[in-house]
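Participant: This is work_23.txt, which holds compact mmCIF, C-alpha atoms:
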```txt
# COMPACT_ATOMS: atom_id res chain seq x y z
CA MET A 1 94.83 29.35 75.47
CA PHE A 2 93.95 27.54 78.70
CA GLU A 3 96.23 25.21 80.65
CA PRO A 4 96.50 21.94 78.68
CA PRO A 5 94.49 19.78 81.15
CA VAL A 6 91.66 22.34 81.11
CA GLN A 7 91.80 22.69 77.33
CA ARG A 8 91.71 18.91 76.92
CA LEU A 9 88.53 18.68 79.01
CA ILE A 10 86.97 21.56 77.03
CA ASP A 11 87.82 19.71 73.79
CA GLU A 12 86.29 16.47 75.10
CA PHE A 13 83.08 18.21 76.16
CA ALA A 14 82.92 19.99 72.78
CA ARG A 15 82.95 16.59 71.04
CA LEU A 16 79.63 15.68 72.66
CA PRO A 17 76.42 16.22 70.65
CA GLY A 18 74.84 19.65 71.15
CA ILE A 19 77.76 21.07 73.13
CA GLY A 20 79.56 24.02 71.50
CA THR A 21 82.92 25.51 72.50
CA LYS A 22 81.34 28.06 74.82
CA SER A 23 79.19 25.50 76.64
CA ALA A 24 82.20 23.18 76.85
CA GLN A 25 84.17 25.98 78.56
CA ARG A 26 81.36 26.59 81.02
CA LEU A 27 81.15 22.89 81.85
CA ALA A 28 84.92 22.55 82.30
CA PHE A 29 85.16 25.60 84.56
CA HIS A 30 82.11 24.48 86.46
CA LEU A 31 83.87 21.19 87.22
CA LEU A 32 87.10 23.02 88.04
CA ASN A 33 85.29 25.06 90.68
CA ALA A 34 82.96 22.25 91.84
CA GLU A 35 83.45 20.14 94.92
CA GLU A 36 85.98 17.35 94.36
CA ALA A 37 83.18 14.81 95.00
CA ASP A 38 80.98 16.29 92.24
CA ALA A 39 83.72 16.09 89.62
CA SER A 40 84.78 12.58 90.54
CA ARG A 41 81.16 11.37 90.63
CA LEU A 42 80.71 12.40 86.99
CA SER A 43 84.00 10.83 85.97
CA GLU A 44 83.13 7.62 87.81
CA ALA A 45 79.57 7.53 86.45
CA ILE A 46 81.01 7.51 82.90
CA THR A 47 83.50 4.74 83.63
CA ASP A 48 80.96 2.80 85.67
CA MET A 49 78.31 2.91 82.96
CA ARG A 50 80.79 1.73 80.35
CA THR A 51 82.04 -1.18 82.47
CA SER A 52 78.81 -2.37 84.13
CA VAL A 53 76.31 -1.96 81.33
CA HIS A 54 75.98 -3.70 77.98
CA LEU A 55 73.24 -4.72 75.57
CA CYS A 56 70.60 -7.39 76.24
CA ALA A 57 71.47 -10.60 74.36
CA ARG A 58 67.87 -10.89 73.14
CA CYS A 59 66.48 -7.41 72.46
CA PHE A 60 69.58 -5.11 72.67
CA ASN A 61 68.10 -2.98 75.42
CA VAL A 62 70.64 -1.75 77.98
CA THR A 63 71.20 -4.12 80.91
CA ALA A 64 73.66 -5.14 83.60
CA ASP A 65 72.63 -8.82 83.16
CA ASP A 66 72.66 -11.20 80.20
CA GLU A 67 69.09 -10.28 79.40
CA CYS A 68 67.28 -7.06 80.32
CA ALA A 69 64.58 -6.81 83.01
CA ILE A 70 61.81 -6.71 80.37
CA CYS A 71 62.97 -9.89 78.60
CA GLN A 72 63.34 -11.62 81.97
CA ASP A 73 59.84 -10.60 83.13
CA LEU A 74 57.71 -13.79 82.92
CA ARG A 75 54.45 -11.84 83.08
CA ARG A 76 55.09 -10.14 79.74
CA ASP A 77 53.54 -11.27 76.47
CA THR A 78 56.32 -12.92 74.49
CA THR A 79 54.28 -13.19 71.28
CA ILE A 80 54.35 -9.46 70.51
CA VAL A 81 57.52 -7.46 69.90
CA CYS A 82 57.79 -3.69 69.66
CA VAL A 83 60.64 -2.69 67.34
CA VAL A 84 62.29 0.63 68.24
CA GLU A 85 65.20 2.50 66.74
CA ARG A 86 67.06 3.24 69.93
CA VAL A 87 67.30 2.10 73.56
CA GLN A 88 66.01 5.46 74.81
CA ASP A 89 62.70 4.89 72.98
CA ILE A 90 61.83 1.95 75.27
CA PRO A 91 61.03 4.00 78.42
CA VAL A 92 58.74 6.22 76.31
CA ILE A 93 56.65 3.19 75.28
CA GLU A 94 56.85 1.72 78.80
CA ARG A 95 55.48 4.88 80.42
CA THR A 96 52.25 4.58 78.39
CA GLN A 97 51.51 1.24 80.15
CA ALA A 98 49.72 0.35 76.90
CA PHE A 99 52.22 -2.31 75.87
CA ARG A 100 53.05 -5.55 77.72
CA GLY A 101 55.14 -7.36 75.13
CA ARG A 102 58.88 -7.41 74.52
CA TYR A 103 61.14 -5.08 72.52
CA HIS A 104 63.74 -5.21 69.78
CA VAL A 105 66.22 -2.35 69.38
CA LEU A 106 67.29 -1.93 65.75
CA GLY A 107 70.09 0.50 66.53
CA GLY A 108 68.85 3.14 64.09
CA ALA A 109 66.72 3.50 60.95
CA ILE A 110 67.32 2.89 57.25
CA SER A 111 68.85 6.03 55.76
CA PRO A 112 70.44 5.82 52.31
CA ILE A 113 71.85 9.35 52.77
CA ALA A 114 73.71 8.32 55.93
CA GLY A 115 74.70 5.02 54.32
CA ILE A 116 72.59 2.97 56.72
CA GLY A 117 70.91 -0.02 55.14
CA PRO A 118 69.19 -3.05 56.74
CA GLU A 119 72.63 -4.72 57.14
CA GLN A 120 73.74 -1.95 59.51
CA LEU A 121 70.68 -2.55 61.71
CA ARG A 122 69.73 -5.58 63.83
CA MET A 123 67.36 -7.00 61.20
CA LYS A 124 68.96 -10.46 61.03
CA GLU A 125 68.70 -10.78 64.81
CA LEU A 126 65.00 -9.89 64.59
CA GLN A 127 64.41 -12.51 61.87
CA THR A 128 66.18 -15.11 64.02
CA ARG A 129 63.91 -14.18 66.95
CA ILE A 130 60.82 -14.61 64.77
CA GLU A 131 62.09 -18.03 63.66
CA THR A 132 62.93 -19.23 67.17
CA GLU A 133 60.49 -17.40 69.48
CA ASN A 134 56.74 -17.74 69.24
CA ILE A 135 56.17 -14.20 67.90
CA VAL A 136 52.87 -13.37 66.17
CA GLU A 137 53.01 -9.56 65.91
CA ILE A 138 55.73 -7.01 65.26
CA ILE A 139 54.91 -3.38 66.07
CA ALA A 140 57.09 -1.01 64.07
CA ALA A 141 57.61 1.83 66.58
CA THR A 142 60.22 3.60 64.48
CA ASN A 143 60.24 7.41 64.39
CA PRO A 144 57.42 9.07 62.37
CA ASN A 145 59.81 10.55 59.81
CA LEU A 146 61.21 9.52 56.43
CA GLU A 147 63.81 7.10 57.80
CA GLY A 148 61.40 5.58 60.33
CA ASP A 149 58.67 5.11 57.71
CA THR A 150 61.15 3.49 55.32
CA THR A 151 62.30 1.17 58.08
CA ALA A 152 58.69 0.26 58.95
CA MET A 153 57.96 -0.55 55.29
CA TYR A 154 61.09 -2.69 55.14
CA LEU A 155 60.05 -4.52 58.32
CA ALA A 156 56.61 -5.24 56.83
CA ARG A 157 58.01 -6.45 53.51
CA SER A 158 60.73 -8.66 54.98
CA LEU A 159 58.87 -10.07 58.01
CA LYS A 160 55.35 -10.79 56.71
CA PRO A 161 56.67 -13.74 54.64
CA LEU A 162 57.79 -15.25 57.98
CA GLY A 163 54.13 -15.42 59.06
CA VAL A 164 53.95 -12.52 61.52
CA THR A 165 51.60 -9.54 61.48
CA VAL A 166 53.49 -6.25 61.15
CA THR A 167 51.78 -3.13 62.54
CA ARG A 168 52.82 0.50 62.74
CA LEU A 169 52.17 3.04 65.53
CA ALA A 170 49.06 5.04 64.57
CA SER A 171 49.36 8.54 63.27
CA GLY A 172 48.93 10.95 66.12
CA LEU A 173 52.66 11.26 66.49
CA PRO A 174 53.77 14.60 65.05
CA VAL A 175 55.22 13.98 61.58
CA GLY A 176 58.88 14.85 61.15
CA GLY A 177 59.35 14.53 64.93
CA ASP A 178 61.36 12.38 67.21
CA ILE A 179 59.65 9.56 69.14
CA ASP A 180 61.51 10.11 72.37
CA TYR A 181 60.16 13.70 72.67
CA ALA A 182 56.50 12.62 72.48
CA ASP A 183 54.23 12.69 75.55
CA GLU A 184 52.70 9.54 77.04
CA ILE A 185 49.14 10.21 75.91
CA THR A 186 50.12 10.71 72.27
CA VAL A 187 52.27 7.59 72.28
CA GLY A 188 49.52 5.67 74.11
CA ARG A 189 46.90 6.63 71.51
CA ALA A 190 49.28 5.78 68.73
CA LEU A 191 49.75 2.32 70.26
CA VAL A 192 46.02 1.66 70.60
CA GLY A 193 45.26 2.86 67.04
CA ARG A 194 48.13 1.02 65.35
CA THR A 195 47.40 -0.11 61.79
CA GLU A 196 48.49 -3.17 59.85
CA LEU A 197 50.96 -2.54 57.02
CA MET B 198 63.46 4.09 84.36
CA PHE B 199 66.86 3.31 82.86
CA GLU B 200 69.39 0.83 84.23
CA PRO B 201 70.90 2.33 87.41
CA PRO B 202 74.40 3.00 85.96
CA VAL B 203 72.85 4.78 82.97
CA GLN B 204 70.43 6.74 85.17
CA ARG B 205 73.30 7.77 87.46
CA LEU B 206 75.23 9.19 84.53
CA ILE B 207 72.10 10.99 83.27
CA ASP B 208 71.64 12.48 86.75
CA GLU B 209 75.27 13.61 86.89
CA PHE B 210 75.06 15.27 83.48
CA ALA B 211 71.78 16.94 84.47
CA ARG B 212 73.54 18.55 87.46
CA LEU B 213 75.82 20.50 85.12
CA PRO B 214 74.87 24.10 84.25
CA GLY B 215 72.69 24.44 81.14
CA ILE B 216 72.09 20.69 80.77
CA GLY B 217 68.45 19.59 81.13
CA THR B 218 67.17 16.03 81.59
CA LYS B 219 66.69 15.52 77.85
CA SER B 220 70.19 16.71 76.95
CA ALA B 221 71.60 14.64 79.80
CA GLN B 222 69.91 11.54 78.32
CA ARG B 223 71.33 12.30 74.88
CA LEU B 224 74.82 12.73 76.30
CA ALA B 225 74.63 9.51 78.33
CA PHE B 226 73.37 7.46 75.39
CA HIS B 227 75.93 9.09 73.13
CA LEU B 228 78.67 7.88 75.47
CA LEU B 229 77.02 4.46 75.76
CA ASN B 230 77.18 4.07 71.99
CA ALA B 231 80.54 5.83 71.54
CA GLU B 232 83.89 4.13 71.09
CA GLU B 233 85.32 2.94 74.40
CA ALA B 234 88.29 5.33 73.86
CA ASP B 235 85.97 8.36 73.52
CA ALA B 236 84.15 7.66 76.76
CA SER B 237 87.31 6.97 78.73
CA ARG B 238 89.03 10.07 77.33
CA LEU B 239 86.26 12.27 78.75
CA SER B 240 86.32 10.49 82.09
CA GLU B 241 90.11 10.79 82.27
CA ALA B 242 90.10 14.43 81.19
CA ILE B 243 87.87 15.25 84.17
CA THR B 244 90.04 13.36 86.65
CA ASP B 245 93.23 14.66 85.08
CA MET B 246 92.13 18.28 85.21
CA ARG B 247 91.14 17.95 88.84
CA THR B 248 94.42 16.34 89.87
CA SER B 249 96.93 18.26 87.74
CA VAL B 250 95.51 21.76 87.84
CA HIS B 251 95.08 24.21 90.71
CA LEU B 252 95.04 27.96 91.25
CA CYS B 253 98.06 30.26 90.91
CA ALA B 254 99.37 31.23 94.36
CA ARG B 255 99.59 34.87 93.30
CA CYS B 256 96.68 35.67 90.97
CA PHE B 257 94.39 32.60 91.24
CA ASN B 258 94.54 31.88 87.53
CA VAL B 259 94.53 28.17 86.66
CA THR B 260 97.98 26.57 86.52
CA ALA B 261 99.86 23.30 86.81
CA ASP B 262 102.75 25.10 88.60
CA ASP B 263 102.96 27.16 91.78
CA GLU B 264 102.46 30.33 89.78
CA CYS B 265 100.75 30.68 86.40
CA ALA B 266 102.60 31.36 83.14
CA ILE B 267 101.53 35.02 83.18
CA CYS B 268 102.85 35.68 86.70
CA GLN B 269 106.09 33.87 85.82
CA ASP B 270 106.59 35.89 82.63
CA LEU B 271 109.42 38.36 83.39
CA ARG B 272 108.57 40.53 80.38
CA ARG B 273 105.21 41.52 81.83
CA ASP B 274 104.53 44.79 83.62
CA THR B 275 104.17 43.93 87.30
CA THR B 276 102.93 47.40 88.29
CA ILE B 277 99.51 47.04 86.69
CA VAL B 278 96.96 44.39 87.66
CA CYS B 279 93.77 43.53 85.81
CA VAL B 280 91.10 42.29 88.22
CA VAL B 281 88.65 39.80 86.68
CA GLU B 282 85.73 37.89 88.12
CA ARG B 283 86.62 34.48 86.77
CA VAL B 284 89.55 32.54 85.33
CA GLN B 285 87.84 32.24 81.94
CA ASP B 286 87.87 36.05 81.57
CA ILE B 287 91.71 36.08 81.37
CA PRO B 288 92.00 34.61 77.83
CA VAL B 289 89.47 37.19 76.60
CA ILE B 290 91.70 40.03 77.82
CA GLU B 291 94.84 38.25 76.60
CA ARG B 292 93.50 37.86 73.08
CA THR B 293 93.20 41.66 72.72
CA GLN B 294 97.01 41.93 73.15
CA ALA B 295 96.22 45.36 74.65
CA PHE B 296 97.28 44.42 78.18
CA ARG B 297 100.76 43.37 79.33
CA GLY B 298 100.33 43.44 83.11
CA ARG B 299 99.30 40.74 85.54
CA TYR B 300 95.87 39.53 86.69
CA HIS B 301 93.92 38.93 89.86
CA VAL B 302 90.93 36.57 89.83
CA LEU B 303 88.30 37.60 92.40
CA GLY B 304 86.29 34.41 92.07
CA GLY B 305 83.00 36.21 91.35
CA ALA B 306 81.34 39.59 91.92
CA ILE B 307 79.59 41.26 94.85
CA SER B 308 75.92 40.23 94.80
CA PRO B 309 73.80 40.85 97.91
CA ILE B 310 70.98 38.77 96.39
CA ALA B 311 73.27 35.72 96.05
CA GLY B 312 74.76 36.45 99.48
CA ILE B 313 78.20 37.24 98.02
CA GLY B 314 80.00 40.07 99.79
CA PRO B 315 83.65 41.19 99.60
CA GLU B 316 84.57 38.51 102.18
CA GLN B 317 83.50 35.75 99.76
CA LEU B 318 85.82 37.15 97.09
CA ARG B 319 89.65 37.38 97.00
CA MET B 320 89.72 41.03 98.11
CA LYS B 321 92.08 40.50 101.07
CA GLU B 322 94.55 38.71 98.80
CA LEU B 323 94.42 41.67 96.41
CA GLN B 324 95.07 44.14 99.23
CA THR B 325 98.04 42.04 100.37
CA ARG B 326 99.39 42.10 96.82
CA ILE B 327 99.10 45.90 96.69
CA GLU B 328 100.93 46.15 100.02
CA THR B 329 103.76 43.78 99.02
CA GLU B 330 104.09 44.16 95.24
CA ASN B 331 104.91 47.41 93.51
CA ILE B 332 101.44 47.91 91.99
CA VAL B 333 100.41 51.37 90.77
CA GLU B 334 97.21 50.66 88.83
CA ILE B 335 94.29 48.28 89.26
CA ILE B 336 92.01 47.79 86.24
CA ALA B 337 88.54 46.63 87.31
CA ALA B 338 87.62 44.28 84.45
CA THR B 339 84.52 42.96 86.14
CA ASN B 340 81.43 42.24 84.04
CA PRO B 341 79.49 45.31 82.79
CA ASN B 342 76.39 44.46 84.81
CA LEU B 343 74.99 45.38 88.22
CA GLU B 344 77.21 42.99 90.19
CA GLY B 345 80.33 43.86 88.20
CA ASP B 346 79.72 47.61 88.57
CA THR B 347 79.17 47.23 92.31
CA THR B 348 82.38 45.25 92.57
CA ALA B 349 84.30 47.88 90.60
CA MET B 350 82.98 50.63 92.89
CA TYR B 351 84.00 48.58 95.91
CA LEU B 352 87.49 48.06 94.45
CA ALA B 353 87.85 51.82 93.89
CA ARG B 354 86.66 52.73 97.38
CA SER B 355 88.74 50.16 99.22
CA LEU B 356 91.96 50.29 97.17
CA LYS B 357 92.45 54.01 96.42
CA PRO B 358 93.38 54.64 100.11
CA LEU B 359 96.27 52.20 99.54
CA GLY B 360 97.75 54.61 96.98
CA VAL B 361 96.87 52.86 93.71
CA THR B 362 94.93 54.21 90.75
CA VAL B 363 91.76 52.19 90.12
CA THR B 364 90.38 52.21 86.56
CA ARG B 365 87.40 50.53 84.92
CA LEU B 366 87.11 49.05 81.43
CA ALA B 367 85.56 51.71 79.17
CA SER B 368 81.98 51.48 78.12
CA GLY B 369 81.81 49.81 74.77
CA LEU B 370 81.02 46.51 76.39
CA PRO B 371 77.32 45.74 75.95
CA VAL B 372 75.57 46.58 79.24
CA GLY B 373 73.91 43.67 81.00
CA GLY B 374 76.21 41.28 79.15
CA ASP B 375 78.87 38.81 80.09
CA ILE B 376 82.54 39.72 79.59
CA ASP B 377 83.59 36.32 78.34
CA TYR B 378 81.16 36.55 75.38
CA ALA B 379 82.63 39.83 74.10
CA ASP B 380 84.76 40.01 70.95
CA GLU B 381 88.43 41.05 70.99
CA ILE B 382 87.91 44.45 69.34
CA THR B 383 85.25 45.53 71.82
CA VAL B 384 87.32 44.40 74.79
CA GLY B 385 90.43 46.01 73.24
CA ARG B 386 88.68 49.38 72.86
CA ALA B 387 87.30 49.14 76.35
CA LEU B 388 90.85 48.61 77.63
CA VAL B 389 92.26 51.61 75.76
CA GLY B 390 89.42 53.90 76.85
CA ARG B 391 89.39 52.83 80.52
CA THR B 392 88.36 55.59 82.95
CA GLU B 393 89.49 56.38 86.47
CA LEU B 394 86.90 55.80 89.19
```
What is this file in structure tokens?
Facilitator:
Amino acid sequence: MFEPPVQRLIDEFARLPGIGTKSAQRLAFHLLNAEEADASRLSEAITDMRTSVHLCARCFNVTADDECAICQDLRRDTTIVCVVERVQDIPVIERTQAFRGRYHVLGGAISPIAGIGPEQLRMKELQTRIETENIVEIIAATNPNLEGDTTAMYLARSLKPLGVTVTRLASGLPVGGDIDYADEITVGRALVGRTEL
Amino acid sequence: MFEPPVQRLIDEFARLPGIGTKSAQRLAFHLLNAEEADASRLSEAITDMRTSVHLCARCFNVTADDECAICQDLRRDTTIVCVVERVQDIPVIERTQAFRGRYHVLGGAISPIAGIGPEQLRMKELQTRIETENIVEIIAATNPNLEGDTTAMYLARSLKPLGVTVTRLASGLPVGGDIDYADEITVGRALVGRTEL
């Protein structure tokens, strides 16, 4: 219905999560009417992020270097690792200032329904870290829902034989929720009250 | 909090209408985890639209040519012009198949609160068209809200002295609404029942 270049942009926006056809139209026409600089900044920011950013070789956080700023920080406790599902969960934990260890990003949670088992996550990489780094505690900071709980149980079962303590964020997080929507105080309390599995 | 290239993309997404910080984060991380082809297609679609598309010299619809497909269509009635606020309103009217004339895109509606008067809209261009083309009727298809009604009244007052009939889309459109959310039947009825101002 629209000129092909406009329709193509609408289609691309509509492929993004949470963007319907109507929102995609609004976004496309907004960019059509926006200053040239605004439109090109967005386009460049996408390309730039994809070319300049990749995953930390150690913890799979996002970084422009080989290792992320947290892994490179010599003041951090390297014996304790907080395991999160996704990169965007790290800033949530960081903002609490209740954790001074390192991270490990699994890349998701175990979900038989979605066909995601331990092999689809970065479990092997975590085991290798435990074998080669001097780690004594793993905090399972997976989401407080079915998939996150399953993943935490799996972490406990598979990692305790390697001689590490596996803990879970305390309840206090709303059940069925999403960790990256929680406020700092809730996440902070959950960190302090973490329980051994 | 995030790596600068990621944060920049989040900021750019958050500048778009209807996208908050949280949605912007989701979009950025979606693109970070997406296939390289998906991310570059969106980036290219933005650039491509901005370079290949501009406004029709006659009616200010979006086009890749000098004039849009509707203005170039010899089968259309050139004596009747449907005046809309925005480019995205044209497909809504077209889908009704109840209108076979041409269009004129004002680029908005009169809104004293937003500081938009007739000078900020393409009123002069419309007057020039009436003086040089053989137009006998102007349909004011502005939104059925305060700004759209004001604009329709202004069109009637300023264009009737030029010898054209000025009509308004019939009521039937939900008052206070937005024309590009209306369904075809409602817009079709409103076209058929249009009233002279």
Participant: What does chain B look like after a least-squares fit onto chain A on every Cα paired in order, written as a compact mmCIF listing (two decimals) with C-alpha atoms, in the coordinates of the input?
Facilitator:
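After the write, out-v9.txt holds the following:
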```txt
# COMPACT_ATOMS: atom_id res chain seq x y z
CA MET B 198 94.81 29.12 75.16
CA PHE B 199 93.95 27.40 78.43
CA GLU B 200 96.23 25.08 80.40
CA PRO B 201 96.49 21.78 78.48
CA PRO B 202 94.47 19.67 80.98
CA VAL B 203 91.67 22.25 80.95
CA GLN B 204 91.76 22.56 77.15
CA ARG B 205 91.64 18.76 76.81
CA LEU B 206 88.50 18.60 78.91
CA ILE B 207 86.95 21.47 76.91
CA ASP B 208 87.75 19.57 73.70
CA GLU B 209 86.22 16.37 75.05
CA PHE B 210 83.02 18.14 76.10
CA ALA B 211 82.85 19.88 72.71
CA ARG B 212 82.86 16.46 70.99
CA LEU B 213 79.55 15.58 72.64
CA PRO B 214 76.33 16.13 70.64
CA GLY B 215 74.75 19.57 71.12
CA ILE B 216 77.70 20.99 73.08
CA GLY B 217 79.50 23.92 71.40
CA THR B 218 82.88 25.38 72.36
CA LYS B 219 81.32 27.98 74.66
CA SER B 220 79.18 25.45 76.54
CA ALA B 221 82.17 23.11 76.73
CA GLN B 222 84.18 25.91 78.39
CA ARG B 223 81.39 26.57 80.88
CA LEU B 224 81.16 22.89 81.75
CA ALA B 225 84.93 22.52 82.18
CA PHE B 226 85.20 25.60 84.40
CA HIS B 227 82.14 24.51 86.33
CA LEU B 228 83.89 21.22 87.12
CA LEU B 229 87.14 23.05 87.90
CA ASN B 230 85.34 25.13 90.51
CA ALA B 231 83.02 22.35 91.72
CA GLU B 232 83.50 20.25 94.83
CA GLU B 233 86.02 17.47 94.27
CA ALA B 234 83.21 14.93 94.97
CA ASP B 235 81.01 16.38 92.19
CA ALA B 236 83.72 16.15 89.56
CA SER B 237 84.77 12.64 90.53
CA ARG B 238 81.15 11.44 90.65
CA LEU B 239 80.68 12.43 86.99
CA SER B 240 83.96 10.84 85.97
CA GLU B 241 83.09 7.64 87.84
CA ALA B 242 79.54 7.55 86.48
CA ILE B 243 80.96 7.49 82.95
CA THR B 244 83.44 4.72 83.70
CA ASP B 245 80.91 2.80 85.75
CA MET B 246 78.25 2.90 83.05
CA ARG B 247 80.72 1.70 80.45
CA THR B 248 81.96 -1.19 82.57
CA SER B 249 78.75 -2.38 84.24
CA VAL B 250 76.24 -1.98 81.44
CA HIS B 251 75.92 -3.74 78.09
CA LEU B 252 73.19 -4.75 75.66
CA CYS B 253 70.56 -7.42 76.31
CA ALA B 254 71.43 -10.61 74.41
CA ARG B 255 67.85 -10.90 73.17
CA CYS B 256 66.47 -7.41 72.51
CA PHE B 257 69.55 -5.13 72.74
CA ASN B 258 68.05 -3.01 75.49
CA VAL B 259 70.58 -1.78 78.07
CA THR B 260 71.13 -4.15 80.99
CA ALA B 261 73.58 -5.18 83.68
CA ASP B 262 72.56 -8.86 83.23
CA ASP B 263 72.61 -11.23 80.27
CA GLU B 264 69.03 -10.32 79.46
CA CYS B 265 67.20 -7.11 80.36
CA ALA B 266 64.49 -6.88 83.03
CA ILE B 267 61.75 -6.76 80.38
CA CYS B 268 62.91 -9.94 78.61
CA GLN B 269 63.27 -11.68 81.98
CA ASP B 270 59.77 -10.68 83.10
CA LEU B 271 57.64 -13.86 82.88
CA ARG B 272 54.38 -11.90 83.04
CA ARG B 273 55.03 -10.22 79.70
CA ASP B 274 53.50 -11.33 76.42
CA THR B 275 56.30 -12.95 74.44
CA THR B 276 54.28 -13.20 71.21
CA ILE B 277 54.34 -9.48 70.45
CA VAL B 278 57.52 -7.47 69.88
CA CYS B 279 57.81 -3.70 69.68
CA VAL B 280 60.66 -2.68 67.37
CA VAL B 281 62.30 0.64 68.30
CA GLU B 282 65.20 2.54 66.82
CA ARG B 283 67.05 3.26 70.03
CA VAL B 284 67.26 2.10 73.64
CA GLN B 285 65.96 5.45 74.91
CA ASP B 286 62.66 4.89 73.05
CA ILE B 287 61.78 1.92 75.34
CA PRO B 288 60.96 3.98 78.48
CA VAL B 289 58.68 6.20 76.37
CA ILE B 290 56.62 3.16 75.32
CA GLU B 291 56.78 1.69 78.83
CA ARG B 292 55.41 4.83 80.44
CA THR B 293 52.19 4.53 78.39
CA GLN B 294 51.48 1.18 80.14
CA ALA B 295 49.68 0.29 76.88
CA PHE B 296 52.19 -2.37 75.84
CA ARG B 297 53.00 -5.60 77.69
CA GLY B 298 55.12 -7.41 75.09
CA ARG B 299 58.85 -7.43 74.51
CA TYR B 300 61.13 -5.10 72.54
CA HIS B 301 63.75 -5.21 69.82
CA VAL B 302 66.22 -2.34 69.45
CA LEU B 303 67.31 -1.88 65.82
CA GLY B 304 70.10 0.54 66.64
CA GLY B 305 68.88 3.23 64.22
CA ALA B 306 66.77 3.57 61.07
CA ILE B 307 67.38 2.99 57.36
CA SER B 308 68.89 6.16 55.88
CA PRO B 309 70.52 5.98 52.44
CA ILE B 310 71.90 9.50 52.92
CA ALA B 311 73.75 8.46 56.11
CA GLY B 312 74.77 5.18 54.45
CA ILE B 313 72.66 3.10 56.86
CA GLY B 314 70.99 0.10 55.23
CA PRO B 315 69.28 -2.94 56.80
CA GLU B 316 72.70 -4.61 57.22
CA GLN B 317 73.81 -1.84 59.62
CA LEU B 318 70.75 -2.46 61.79
CA ARG B 319 69.77 -5.53 63.89
CA MET B 320 67.42 -6.92 61.24
CA LYS B 321 69.03 -10.38 61.06
CA GLU B 322 68.75 -10.73 64.83
CA LEU B 323 65.05 -9.85 64.59
CA GLN B 324 64.48 -12.45 61.87
CA THR B 325 66.25 -15.06 64.01
CA ARG B 326 63.97 -14.15 66.92
CA ILE B 327 60.88 -14.59 64.73
CA GLU B 328 62.16 -17.99 63.60
CA THR B 329 62.99 -19.22 67.12
CA GLU B 330 60.52 -17.42 69.41
CA ASN B 331 56.78 -17.74 69.14
CA ILE B 332 56.20 -14.20 67.82
CA VAL B 333 52.92 -13.36 66.08
CA GLU B 334 53.03 -9.56 65.84
CA ILE B 335 55.76 -7.00 65.24
CA ILE B 336 54.93 -3.37 66.06
CA ALA B 337 57.13 -0.97 64.08
CA ALA B 338 57.63 1.85 66.61
CA THR B 339 60.23 3.63 64.55
CA ASN B 340 60.25 7.44 64.48
CA PRO B 341 57.44 9.10 62.45
CA ASN B 342 59.84 10.61 59.92
CA LEU B 343 61.26 9.62 56.54
CA GLU B 344 63.85 7.19 57.91
CA GLY B 345 61.45 5.65 60.41
CA ASP B 346 58.73 5.20 57.77
CA THR B 347 61.21 3.59 55.38
CA THR B 348 62.34 1.26 58.14
CA ALA B 349 58.75 0.33 58.98
CA MET B 350 58.04 -0.45 55.31
CA TYR B 351 61.18 -2.58 55.17
CA LEU B 352 60.12 -4.44 58.33
CA ALA B 353 56.70 -5.15 56.80
CA ARG B 354 58.12 -6.35 53.49
CA SER B 355 60.82 -8.55 54.96
CA LEU B 356 58.96 -10.00 57.97
CA LYS B 357 55.43 -10.70 56.65
CA PRO B 358 56.79 -13.65 54.58
CA LEU B 359 57.89 -15.17 57.91
CA GLY B 360 54.24 -15.38 58.98
CA VAL B 361 54.02 -12.48 61.45
CA THR B 362 51.66 -9.51 61.42
CA VAL B 363 53.56 -6.22 61.12
CA THR B 364 51.84 -3.11 62.50
CA ARG B 365 52.87 0.54 62.75
CA LEU B 366 52.19 3.03 65.53
CA ALA B 367 49.08 5.03 64.57
CA SER B 368 49.38 8.54 63.31
CA GLY B 369 48.91 10.90 66.18
CA LEU B 370 52.63 11.26 66.57
CA PRO B 371 53.73 14.62 65.16
CA VAL B 372 55.20 14.00 61.69
CA GLY B 373 58.86 14.90 61.28
CA GLY B 374 59.33 14.57 65.04
CA ASP B 375 61.34 12.40 67.33
CA ILE B 376 59.62 9.56 69.22
CA ASP B 377 61.48 10.09 72.45
CA TYR B 378 60.12 13.67 72.76
CA ALA B 379 56.47 12.57 72.57
CA ASP B 380 54.17 12.61 75.60
CA GLU B 381 52.65 9.45 77.08
CA ILE B 382 49.08 10.13 75.92
CA THR B 383 50.09 10.65 72.30
CA VAL B 384 52.25 7.53 72.28
CA GLY B 385 49.49 5.60 74.10
CA ARG B 386 46.88 6.56 71.48
CA ALA B 387 49.27 5.74 68.70
CA LEU B 388 49.73 2.27 70.22
CA VAL B 389 45.99 1.61 70.51
CA GLY B 390 45.28 2.82 66.97
CA ARG B 391 48.18 0.98 65.29
CA THR B 392 47.49 -0.11 61.70
CA GLU B 393 48.58 -3.16 59.75
CA LEU B 394 51.05 -2.51 56.94
```
Participant: Contacts from chain B to chain A, 7 Å maximum, only C-alpha atoms: show me the residue list as an MDAnalysis selection string.
Facilitator: chainID B and resid 198 200 202:203 205:206 209 213:214 224 229 236:237 239:240 242:247 259:260 288
Participant: Distance atom CA of Ala152 of chain A-atom CA of Ala114 of chain A, one decimal place?
Facilitator: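 Here the two named atoms are 17.3 Å from each other.
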Participant: Find the distance between atom CA of Ile290 of chain B and atom CA of Val333 of chain B and write it in Å to one decimal.
Facilitator: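 Straight-line distance from atom CA of Ile290 of chain B to atom CA of Val333 of chain B works out to 19.3 Å.
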Participant: To one decimal in Å, tell me the separation between atom CA of Thr325 of chain B and atom CA of Cys256 of chain B.
Facilitator: 11.4 Å
Participant: May I have the residues within 9 Å of Leu359 of chain B as a ChimeraX atom specification, using all atoms listed in the file and disregarding those fewer than 6 positions away in the same chain?
Facilitator: /B:324,327-328
